$ cat data.cif   # mmCIF, C-alpha atoms and all ligand atoms
data_query
#
loop_
_atom_site.label_atom_id
_atom_site.label_comp_id
_atom_site.auth_asym_id
_atom_site.auth_seq_id
_atom_site.Cartn_x
_atom_site.Cartn_y
_atom_site.Cartn_z
CA MET A 1 59.45 157.87 -20.07
CA THR A 2 60.00 154.78 -22.16
CA ALA A 3 60.37 155.59 -25.83
CA ARG A 4 57.38 154.80 -28.01
CA LEU A 5 58.16 151.84 -30.31
CA ARG A 6 56.34 150.03 -33.11
CA PRO A 7 53.34 148.41 -31.40
CA ASP A 8 53.42 145.39 -33.73
CA LEU A 9 56.78 144.29 -32.32
CA GLU A 10 54.88 142.78 -29.39
CA SER A 11 53.52 140.14 -31.71
CA LEU A 12 56.83 139.49 -33.45
CA PRO A 13 57.99 135.95 -32.67
CA ALA A 14 61.57 135.87 -31.41
CA TYR A 15 63.98 133.78 -33.46
CA THR A 16 64.68 130.68 -31.38
CA PRO A 17 68.29 129.61 -31.83
CA GLY A 18 69.29 126.01 -31.23
CA ARG A 19 70.30 125.55 -27.60
CA SER A 20 73.90 125.13 -26.45
CA HIS A 21 75.29 123.64 -23.26
CA PRO A 22 78.95 122.92 -22.50
CA ASP A 23 78.19 119.40 -21.22
CA ALA A 24 75.81 118.43 -23.99
CA VAL A 25 76.15 117.34 -27.58
CA LYS A 26 74.62 119.95 -29.87
CA LEU A 27 72.61 118.58 -32.77
CA ALA A 28 70.28 121.57 -32.82
CA SER A 29 71.59 124.06 -35.39
CA ASN A 30 72.64 122.17 -38.53
CA GLU A 31 76.22 123.32 -38.07
CA SER A 32 79.32 121.58 -39.29
CA THR A 33 80.93 119.82 -36.33
CA LEU A 34 84.42 120.40 -37.73
CA GLY A 35 86.32 123.66 -37.25
CA PRO A 36 87.85 125.64 -40.11
CA LEU A 37 90.62 123.95 -42.11
CA PRO A 38 94.13 125.07 -41.09
CA SER A 39 94.43 127.07 -44.32
CA VAL A 40 91.20 128.92 -43.48
CA ALA A 41 92.11 129.43 -39.81
CA LYS A 42 95.37 131.05 -40.93
CA VAL A 43 93.54 133.54 -43.12
CA ILE A 44 91.09 134.29 -40.29
CA ALA A 45 94.00 135.09 -37.94
CA ALA A 46 95.74 137.24 -40.53
CA SER A 47 92.65 139.28 -41.34
CA ALA A 48 91.99 139.85 -37.62
CA GLU A 49 95.21 141.89 -37.58
CA LEU A 50 93.50 144.42 -39.84
CA ALA A 51 90.41 144.74 -37.66
CA ASN A 52 91.00 148.47 -37.26
CA ARG A 53 90.16 148.93 -40.97
CA TYR A 54 86.68 148.80 -42.46
CA PRO A 55 86.00 145.84 -44.72
CA ASP A 56 85.47 146.22 -48.47
CA ASN A 57 81.79 147.21 -48.56
CA GLY A 58 81.43 145.96 -52.12
CA ALA A 59 83.21 142.70 -51.17
CA GLY A 60 84.82 142.85 -54.61
CA GLU A 61 87.27 140.02 -54.14
CA LEU A 62 84.74 137.59 -52.68
CA ARG A 63 82.09 138.43 -55.25
CA ALA A 64 84.62 137.91 -58.04
CA ALA A 65 85.68 134.57 -56.55
CA LEU A 66 82.05 133.46 -56.27
CA ALA A 67 81.24 134.62 -59.79
CA GLU A 68 84.12 132.61 -61.17
CA PHE A 69 83.23 129.54 -59.11
CA LEU A 70 79.56 129.70 -60.12
CA GLY A 71 80.07 130.67 -63.74
CA VAL A 72 78.12 133.93 -63.46
CA GLU A 73 79.04 137.64 -63.57
CA VAL A 74 79.96 139.73 -60.53
CA GLU A 75 76.76 141.72 -61.23
CA ASN A 76 74.78 138.56 -60.47
CA VAL A 77 76.12 138.16 -56.91
CA ALA A 78 75.17 139.94 -53.67
CA LEU A 79 76.49 139.12 -50.21
CA GLY A 80 74.73 139.24 -46.88
CA CYS A 81 75.53 138.97 -43.19
CA GLY A 82 74.40 135.38 -43.41
CA SER A 83 71.76 134.51 -45.98
CA VAL A 84 69.20 135.30 -43.29
CA ALA A 85 70.09 138.99 -43.74
CA LEU A 86 69.46 138.56 -47.45
CA CYS A 87 66.03 137.09 -46.65
CA GLN A 88 65.16 140.29 -44.80
CA GLU A 89 66.62 142.47 -47.55
CA LEU A 90 64.53 140.56 -50.11
CA VAL A 91 61.37 141.55 -48.24
CA GLN A 92 62.63 145.13 -48.12
CA ILE A 93 63.16 145.31 -51.89
CA THR A 94 59.82 143.72 -52.83
CA CYS A 95 57.26 144.83 -50.24
CA ALA A 96 56.20 148.39 -49.51
CA ALA A 97 52.44 148.38 -48.89
CA PRO A 98 50.73 146.73 -45.89
CA GLU A 99 48.75 144.41 -48.18
CA ASP A 100 51.89 143.07 -49.89
CA GLU A 101 52.26 139.35 -49.36
CA VAL A 102 55.22 137.04 -48.84
CA LEU A 103 54.34 133.44 -49.60
CA PHE A 104 56.11 130.43 -48.15
CA ALA A 105 55.52 126.85 -47.10
CA TRP A 106 54.93 126.00 -43.46
CA ARG A 107 56.60 124.58 -41.61
CA SER A 108 59.77 125.94 -43.13
CA PHE A 109 62.67 128.18 -42.15
CA GLU A 110 61.58 130.07 -39.07
CA ALA A 111 63.17 133.33 -40.21
CA TYR A 112 60.62 133.78 -43.03
CA PRO A 113 57.67 134.93 -40.89
CA ILE A 114 59.96 137.14 -38.81
CA VAL A 115 61.58 138.98 -41.70
CA THR A 116 58.16 139.33 -43.33
CA GLN A 117 56.71 141.06 -40.29
CA VAL A 118 59.81 143.19 -39.77
CA GLY A 119 59.34 144.30 -43.38
CA ARG A 120 55.68 145.14 -42.63
CA ALA A 121 54.38 142.67 -45.18
CA ARG A 122 51.79 139.91 -44.76
CA ALA A 123 52.92 136.32 -44.38
CA VAL A 124 50.95 133.71 -46.33
CA ARG A 125 51.77 130.20 -45.15
CA VAL A 126 50.92 127.15 -47.25
CA PRO A 127 50.92 123.86 -45.31
CA LEU A 128 53.37 121.14 -46.32
CA THR A 129 52.04 117.97 -47.95
CA GLU A 130 51.45 114.83 -45.88
CA ASP A 131 54.98 113.84 -46.88
CA TYR A 132 56.40 117.01 -45.29
CA ALA A 133 57.31 118.54 -48.67
CA HIS A 134 56.40 121.91 -50.17
CA ASP A 135 52.93 121.69 -51.70
CA LEU A 136 53.94 123.52 -54.86
CA ASP A 137 50.49 123.28 -56.47
CA ALA A 138 48.85 124.78 -53.40
CA MET A 139 51.52 127.47 -53.28
CA ALA A 140 50.88 128.40 -56.91
CA ALA A 141 47.15 128.49 -56.12
CA ALA A 142 47.81 130.82 -53.17
CA VAL A 143 49.37 133.50 -55.36
CA THR A 144 47.28 136.68 -55.42
CA GLU A 145 47.61 140.14 -56.91
CA ASN A 146 49.36 141.13 -53.72
CA THR A 147 52.02 138.42 -53.79
CA LYS A 148 55.41 140.11 -54.05
CA LEU A 149 57.85 137.45 -52.90
CA ILE A 150 57.87 133.65 -52.64
CA PHE A 151 60.38 131.66 -50.60
CA VAL A 152 60.93 128.06 -51.69
CA CYS A 153 63.21 126.33 -49.20
CA ASN A 154 64.81 123.50 -51.15
CA PRO A 155 65.76 121.26 -49.36
CA ASN A 156 63.27 122.36 -46.74
CA ASN A 157 64.47 123.26 -43.27
CA PRO A 158 63.36 121.58 -40.96
CA THR A 159 61.92 118.57 -42.84
CA GLY A 160 64.80 117.85 -45.27
CA THR A 161 62.48 117.23 -48.22
CA VAL A 162 63.43 118.41 -51.69
CA HIS A 163 61.78 119.04 -55.03
CA GLY A 164 63.71 118.16 -58.17
CA ARG A 165 64.35 120.42 -61.10
CA ALA A 166 61.28 119.34 -63.07
CA ALA A 167 58.91 120.11 -60.19
CA VAL A 168 60.57 123.46 -59.53
CA LEU A 169 60.32 124.42 -63.20
CA ARG A 170 56.66 123.40 -63.30
CA PHE A 171 56.04 125.60 -60.27
CA LEU A 172 57.90 128.55 -61.77
CA ASP A 173 55.91 128.20 -64.99
CA SER A 174 52.71 128.56 -62.97
CA VAL A 175 53.79 131.74 -61.17
CA PRO A 176 53.50 135.14 -62.89
CA ASP A 177 57.00 136.26 -63.81
CA HIS A 178 56.68 139.65 -62.10
CA ILE A 179 56.86 137.89 -58.72
CA LEU A 180 60.30 137.32 -57.23
CA VAL A 181 60.80 133.65 -56.39
CA VAL A 182 63.66 132.86 -54.04
CA LEU A 183 65.09 129.36 -54.03
CA ASP A 184 66.70 129.11 -50.59
CA GLU A 185 69.44 126.54 -51.04
CA ALA A 186 71.22 126.68 -47.69
CA TYR A 187 71.74 122.90 -47.91
CA TYR A 188 72.60 122.73 -51.60
CA GLU A 189 75.94 121.01 -50.98
CA TYR A 190 74.17 118.03 -49.37
CA LEU A 191 71.97 117.31 -52.39
CA ARG A 192 72.49 113.96 -54.06
CA MET A 193 69.91 114.05 -56.82
CA PRO A 194 69.94 112.42 -60.25
CA ALA A 195 71.80 114.75 -62.64
CA ASP A 196 68.79 115.26 -64.90
CA ASP A 197 66.58 116.36 -61.99
CA HIS A 198 69.17 118.24 -59.94
CA PRO A 199 67.49 121.44 -58.65
CA ASP A 200 70.29 123.98 -59.11
CA GLY A 201 68.69 127.37 -58.49
CA ILE A 202 71.52 129.24 -60.15
CA ALA A 203 71.14 127.25 -63.37
CA ILE A 204 67.35 127.55 -63.17
CA GLY A 205 67.61 131.32 -62.68
CA ARG A 206 69.88 131.87 -65.68
CA ASP A 207 67.03 132.56 -68.10
CA ARG A 208 64.47 133.59 -65.47
CA PRO A 209 65.13 137.08 -64.10
CA ASN A 210 62.45 136.64 -61.42
CA VAL A 211 64.30 133.70 -59.83
CA LEU A 212 67.00 134.22 -57.24
CA ALA A 213 69.10 131.55 -55.49
CA LEU A 214 70.31 131.93 -51.91
CA ARG A 215 73.25 129.99 -50.54
CA THR A 216 75.46 130.24 -47.49
CA PHE A 217 78.89 129.54 -46.07
CA SER A 218 77.26 128.59 -42.75
CA LYS A 219 76.48 124.94 -43.35
CA ALA A 220 78.69 122.75 -45.56
CA TYR A 221 81.46 125.38 -45.61
CA GLY A 222 81.50 125.46 -41.81
CA LEU A 223 81.55 129.24 -41.24
CA ALA A 224 78.28 129.69 -39.31
CA GLY A 225 80.04 131.86 -36.72
CA LEU A 226 81.33 134.36 -39.26
CA ARG A 227 78.04 135.16 -41.04
CA VAL A 228 78.26 135.16 -44.80
CA GLY A 229 75.67 134.14 -47.34
CA TYR A 230 75.06 135.08 -50.95
CA ALA A 231 72.36 135.66 -53.50
CA VAL A 232 72.67 134.91 -57.21
CA GLY A 233 70.20 136.45 -59.62
CA ASP A 234 69.30 139.12 -62.11
CA PRO A 235 71.51 142.25 -61.94
CA GLU A 236 68.51 144.50 -61.29
CA VAL A 237 67.50 142.48 -58.24
CA ILE A 238 71.12 142.35 -57.08
CA THR A 239 71.44 146.13 -57.42
CA ALA A 240 68.29 146.57 -55.34
CA LEU A 241 69.74 144.29 -52.66
CA LEU A 242 72.89 146.40 -52.54
CA LYS A 243 70.73 149.48 -51.96
CA VAL A 244 69.15 148.16 -48.75
CA HIS A 245 72.29 146.39 -47.55
CA ILE A 246 73.54 147.60 -44.15
CA PRO A 247 76.96 149.05 -44.97
CA PHE A 248 79.95 146.91 -43.97
CA SER A 249 77.72 144.21 -42.46
CA VAL A 250 79.76 141.43 -44.08
CA ASN A 251 82.92 141.85 -42.07
CA ARG A 252 86.54 141.59 -43.15
CA ILE A 253 87.23 138.26 -41.44
CA ALA A 254 84.11 136.70 -42.94
CA GLN A 255 85.05 137.84 -46.44
CA ALA A 256 88.60 136.52 -46.15
CA ALA A 257 87.46 133.22 -44.65
CA ALA A 258 84.86 132.74 -47.37
CA ILE A 259 87.45 133.26 -50.11
CA ALA A 260 89.81 130.79 -48.42
CA SER A 261 86.96 128.28 -47.98
CA LEU A 262 86.07 128.54 -51.62
CA GLU A 263 89.68 127.76 -52.48
CA ALA A 264 89.58 124.75 -50.12
CA ARG A 265 86.14 123.68 -51.32
CA HIS A 266 87.16 120.19 -52.43
CA GLU A 267 88.24 119.30 -48.91
CA LEU A 268 85.16 120.93 -47.40
CA LEU A 269 82.73 119.33 -49.82
CA ASP A 270 84.33 115.91 -49.26
CA ARG A 271 83.11 116.23 -45.68
CA THR A 272 79.51 116.27 -46.85
CA ASP A 273 79.80 112.60 -47.89
CA HIS A 274 80.56 111.63 -44.30
CA VAL A 275 77.68 113.72 -42.99
CA ILE A 276 75.30 112.08 -45.45
CA ALA A 277 76.52 108.60 -44.52
CA GLU A 278 75.88 109.41 -40.85
CA ARG A 279 72.46 110.87 -41.63
CA GLU A 280 71.47 107.67 -43.42
CA ARG A 281 72.84 105.51 -40.62
CA MET A 282 70.74 107.51 -38.14
CA ARG A 283 67.66 107.28 -40.31
CA ALA A 284 67.96 103.51 -40.64
CA ALA A 285 68.40 103.08 -36.88
CA LEU A 286 65.45 105.33 -36.09
CA GLU A 287 63.20 103.59 -38.59
CA ARG A 288 64.19 100.21 -37.19
CA ALA A 289 63.11 101.49 -33.78
CA GLY A 290 59.71 102.42 -35.21
CA TYR A 291 60.03 106.12 -36.12
CA ARG A 292 58.71 107.29 -39.47
CA ILE A 293 61.38 109.57 -40.93
CA PRO A 294 60.96 111.36 -44.27
CA PRO A 295 63.92 110.99 -46.65
CA SER A 296 66.30 113.95 -46.21
CA GLN A 297 68.60 115.68 -48.68
CA ALA A 298 70.19 117.87 -46.03
CA ASN A 299 72.43 117.45 -42.96
CA PHE A 300 69.52 116.74 -40.61
CA LEU A 301 66.50 114.49 -40.09
CA TRP A 302 62.89 115.27 -39.24
CA LEU A 303 61.04 113.31 -36.59
CA PRO A 304 57.34 114.13 -37.01
CA LEU A 305 56.31 113.70 -33.38
CA GLY A 306 53.45 116.19 -33.34
CA GLU A 307 52.29 117.23 -29.89
CA ARG A 308 55.05 115.17 -28.28
CA SER A 309 57.86 117.19 -29.88
CA THR A 310 58.59 119.61 -27.04
CA GLU A 311 58.62 116.81 -24.50
CA PHE A 312 60.91 114.73 -26.71
CA GLY A 313 63.31 117.69 -26.97
CA ALA A 314 63.37 118.05 -23.19
CA ALA A 315 63.94 114.33 -22.64
CA SER A 316 66.75 114.34 -25.19
CA ALA A 317 68.35 117.30 -23.40
CA ASP A 318 68.16 115.32 -20.15
CA SER A 319 70.24 112.69 -21.97
CA ARG A 320 72.67 115.48 -22.85
CA VAL A 321 71.77 115.72 -26.51
CA LEU A 322 70.32 119.02 -27.67
CA VAL A 323 67.96 118.73 -30.64
CA ARG A 324 65.48 121.21 -32.07
CA PRO A 325 61.80 120.70 -31.22
CA TYR A 326 59.17 122.68 -33.15
CA ALA A 327 56.12 122.90 -30.88
CA ALA A 328 53.35 120.72 -32.27
CA ASP A 329 55.09 119.63 -35.46
CA GLY A 330 58.25 117.66 -34.97
CA VAL A 331 61.88 117.53 -33.96
CA ARG A 332 64.88 118.29 -36.15
CA VAL A 333 68.13 116.48 -35.46
CA THR A 334 71.41 117.44 -37.11
CA ALA A 335 73.75 114.67 -38.25
CA GLY A 336 76.87 115.33 -36.18
CA ASP A 337 79.99 113.30 -35.45
CA PRO A 338 79.48 109.51 -35.17
CA HIS A 339 79.89 109.49 -31.37
CA GLU A 340 77.41 112.35 -31.01
CA ASN A 341 74.90 110.61 -33.25
CA ASP A 342 75.39 107.41 -31.25
CA GLN A 343 74.55 109.32 -28.08
CA PHE A 344 71.36 110.58 -29.68
CA LEU A 345 70.44 107.15 -31.03
CA ALA A 346 71.04 105.57 -27.62
CA PHE A 347 68.43 107.94 -26.22
CA ALA A 348 65.97 107.87 -29.11
CA THR A 349 65.94 104.11 -29.67
CA ALA A 350 65.94 103.12 -25.99
CA PRO A 351 62.81 101.03 -25.28
CA GLU A 352 61.56 103.59 -22.70
CA THR A 353 61.87 106.43 -25.21
CA VAL A 354 60.17 104.48 -27.96
CA ALA A 355 57.35 103.45 -25.63
CA ARG A 356 56.90 107.03 -24.43
CA PHE A 357 57.00 108.86 -27.73
CA ILE A 358 55.85 106.53 -30.46
CA GLY A 359 54.01 103.89 -28.48
C1 LIG R 1 70.75 128.03 -42.04
C2 LIG R 1 69.79 128.55 -43.05
C3 LIG R 1 69.96 129.79 -43.68
C4 LIG R 1 70.99 130.77 -43.42
O1 LIG R 1 71.90 130.79 -42.66
P1 LIG R 1 72.93 131.97 -42.51
O2 LIG R 1 73.79 131.45 -41.44
O3 LIG R 1 72.18 133.20 -42.17
O4 LIG R 1 73.61 132.10 -43.85
C5 LIG R 1 69.07 130.19 -44.64
N1 LIG R 1 68.05 129.43 -44.98
C6 LIG R 1 67.86 128.25 -44.41
C7 LIG R 1 66.71 127.45 -44.85
C8 LIG R 1 68.70 127.78 -43.42
O5 LIG R 1 68.46 126.60 -42.83
#

$ encode --input "data.cif" --output "structure tokens" --more "lines below"
Ligand SMILES: *Cc1c(COP(=O)(O)O)cnc(C)c1O
Amino acid sequence: MTARLRPDLESLPAYTPGRSHPDAVKLASNESTLGPLPSVAKVIAASAELANRYPDNGAGELRAALAEFLGVEVENVALGCGSVALCQELVQITCAAPEDEVLFAWRSFEAYPIVTQVGRARAVRVPLTEDYAHDLDAMAAAVTENTKLIFVCNPNNPTGTVHGRAAVLRFLDSVPDHILVVLDEAYYEYLRMPADDHPDGIAIGRDRPNVLALRTFSKAYGLAGLRVGYAVGDPEVITALLKVHIPFSVNRIAQAAAIASLEARHELLDRTDHVIAERERMRAALERAGYRIPPSQANFLWLPLGERSTEFGAASADSRVLVRPYAADGVRVTAGDPHENDQFLAFATAPETVARFIG
């Protein structure tokens, strides 16, 4: 007889990863197109030789390196098997009763509803504004007695929109300080905001114990395949995260590669300038062709194509460019290498495509 499982899993949406195909350009997962730097690859190879040994469960060396880099204490830093694991752990440390609510904007990072349901909490989705940004006033108004956790994805995946420091602070001031607010900053390294409005979640969280920043080595640092993300916040929240952490889930190679990437950060962060230049080149070309593209502060663009999104994604795949359609909302396109972006633009700005999708 088949084992009896949680009945609610039937309604759990599966996480849809960006598609891959050996003959196609992949602009579907917001990855870095460049492989690890030689210095990082060397460390990866060396740590593979010790694969028979468990990793450091406390990830002492990496946490210390991050604390020094970020100007915080080791007690302020927790690691996760990707920051997506931390998202799930954050639900686990805040929600216990079925009426507990996790609040987030929608559309936003597709892991939020999944980790909320896995954690047996209730998802409360607040629609984005007409400009595809978080509606922070509506989110503050949606807070109830049951709200336990709020995700603010800044910049927002998949729309690329960002709120500056002043808007984030205004929002935080309007939320009761017993609610944990997570500033998910997976694309932090791509931000180019005026210094006085730069939304740095770690700085913002310094004197706000209910604010936690999430960042990752998967995007600008180019280690998506190794799975390491981190949380920076109040020591009590960090300690709780360590309690629910799956032991040894941040593996030895990931820890070593993250330390080496932090050491090589200047080279890695220099790459973000090229990605941003490509993103802006793509945006200009798409707008010239007639698309309306919201300004992005990340390594991708949002094409709000509504009901035509799925069909656009399929047509793009036929042209051997994989992008990420989101049902009735839009299509997310990662800024890749110039030749890859050219291949996408050739498809997207072709007169037939324009006539079919935005005519
Ligand atoms: C990519 C992404 C993450 C996390 O990625 P990991 O690879 O799990 O570290 C988290 N949040 C958002 C919004 C993302 O786009």

$ residues_near_ligand --input "data.cif" --ligand "ligand LIG 1 (chain R)" --cutoff "7 Å" --atoms "all atoms listed in the file" --output "ChimeraX atom specification"
/A:81-85,109,153,156-157,184-186,216-219,224,227-229

$ residues_around --input "data.cif" --residues "Ala346 of chain A" --least-positions-apart "5" --cutoff "10 Å" --atoms "only C-alpha atoms" --output "PDB file with C-alpha atoms, in the coordinates of the input"
ATOM      1  CA  ALA A 285      68.400 103.080 -36.880  1.00  0.00           C
ATOM      2  CA  SER A 319      70.240 112.690 -21.970  1.00  0.00           C
ATOM      3  CA  GLU A 340      77.410 112.350 -31.010  1.00  0.00           C
ATOM      4  CA  ASN A 341      74.900 110.610 -33.250  1.00  0.00           C
ATOM      5  CA  PRO A 351      62.810 101.030 -25.280  1.00  0.00           C
ATOM      6  CA  THR A 353      61.870 106.430 -25.210  1.00  0.00           C
TER       7      THR A 353
END

$ residues_around --input "data.cif" --residues "segment 160-166 of chain A" --least-positions-apart "4" --cutoff "6 Å" --atoms "all atoms listed in the file" --output "VMD selection string"
chain A and resid 133 154 to 156 197 to 199 296 to 298

$ atom_distance --input "data.cif" --atom1 "atom CA of Leu268 of chain A" --atom2 "atom CA of Tyr221 of chain A"
6.1 Å

$ closest_residue --input "data.cif" --among "A:Val275, A:Val250, A:Val74, A:Ala289" --to "Ala355 of chain A" --atoms "all atoms listed in the file"
A:Ala289

$ residues_around --input "data.cif" --residues "segment 308-310 of chain A" --least-positions-apart "4" --cutoff "7 Å" --atoms "all atoms listed in the file" --output "compact mmCIF listing (two decimals) with C-alpha atoms, in the frame of the given file"
# COMPACT_ATOMS: atom_id res chain seq x y z
CA ALA A 314 63.37 118.05 -23.19
CA PRO A 325 61.80 120.70 -31.22
CA TYR A 326 59.17 122.68 -33.15
CA ALA A 327 56.12 122.90 -30.88
CA ALA A 328 53.35 120.72 -32.27
CA ASP A 329 55.09 119.63 -35.46
CA GLY A 330 58.25 117.66 -34.97
CA VAL A 331 61.88 117.53 -33.96
CA PHE A 357 57.00 108.86 -27.73

$ atom_distance --input "data.cif" --atom1 "atom CA of Ser29 of chain A" --atom2 "atom CA of Gly225 of chain A"
11.6 Å

$ residues_around --input "data.cif" --residues "Arg170 of chain A" --least-positions-apart "5" --cutoff "10 Å" --atoms "only C-alpha atoms" --output "list of chain:residue names"
A:Leu136, A:Asp137, A:Ala140, A:Arg165, A:Val175

$ residues_around --input "data.cif" --residues "Asn52 of chain A" --least-positions-apart "3" --cutoff "12 Å" --atoms "all atoms listed in the file" --output "list in words"
Ser47, Ala48, Glu49, Pro55, Asn251, Arg252 and Ile253 of chain A

$ atom_distance --input "data.cif" --atom1 "atom CA of Ala257 of chain A" --atom2 "atom CA of Asp200 of chain A"
24.3 Å

$ axis_aligned_box --input "data.cif" --around "segment 130-149 of chain A" --padding-each-side "4 Å" --output "JSON"
{"center_x": 52.5, "center_y": 127.5, "center_z": -51.1, "size_x": 18.7, "size_y": 35.3, "size_z": 19.6}

$ closest_residue --input "data.cif" --among "A:Arg320, A:Ala3, A:Leu9, A:Tyr291" --to "Gly359 of chain A" --atoms "all atoms listed in the file"
A:Tyr291

$ residues_near_point --input "data.cif" --point "(55.0, 138.8, -58.1)" --cutoff "9 Å" --atoms "all atoms listed in the file" --output "list in words"
Thr94, Val143, Thr144, Glu145, Asn146, Thr147, Lys148, Leu149, Ile150, Val175, Pro176, Asp177, His178, Ile179, Leu180, Val181 and Asn210 of chain A

$ write_last_selection --input "data.cif" --atoms "C-alpha atoms" --output "mmCIF file, in the frame of the given file"
data_model
loop_
_atom_site.group_PDB
_atom_site.id
_atom_site.type_symbol
_atom_site.label_atom_id
_atom_site.label_comp_id
_atom_site.auth_asym_id
_atom_site.auth_seq_id
_atom_site.Cartn_x
_atom_site.Cartn_y
_atom_site.Cartn_z
ATOM 1 C CA THR A 94 59.820 143.720 -52.830
ATOM 2 C CA VAL A 143 49.370 133.500 -55.360
ATOM 3 C CA THR A 144 47.280 136.680 -55.420
ATOM 4 C CA GLU A 145 47.610 140.140 -56.910
ATOM 5 C CA ASN A 146 49.360 141.130 -53.720
ATOM 6 C CA THR A 147 52.020 138.420 -53.790
ATOM 7 C CA LYS A 148 55.410 140.110 -54.050
ATOM 8 C CA LEU A 149 57.850 137.450 -52.900
ATOM 9 C CA ILE A 150 57.870 133.650 -52.640
ATOM 10 C CA VAL A 175 53.790 131.740 -61.170
ATOM 11 C CA PRO A 176 53.500 135.140 -62.890
ATOM 12 C CA ASP A 177 57.000 136.260 -63.810
ATOM 13 C CA HIS A 178 56.680 139.650 -62.100
ATOM 14 C CA ILE A 179 56.860 137.890 -58.720
ATOM 15 C CA LEU A 180 60.300 137.320 -57.230
ATOM 16 C CA VAL A 181 60.800 133.650 -56.390
ATOM 17 C CA ASN A 210 62.450 136.640 -61.420
#
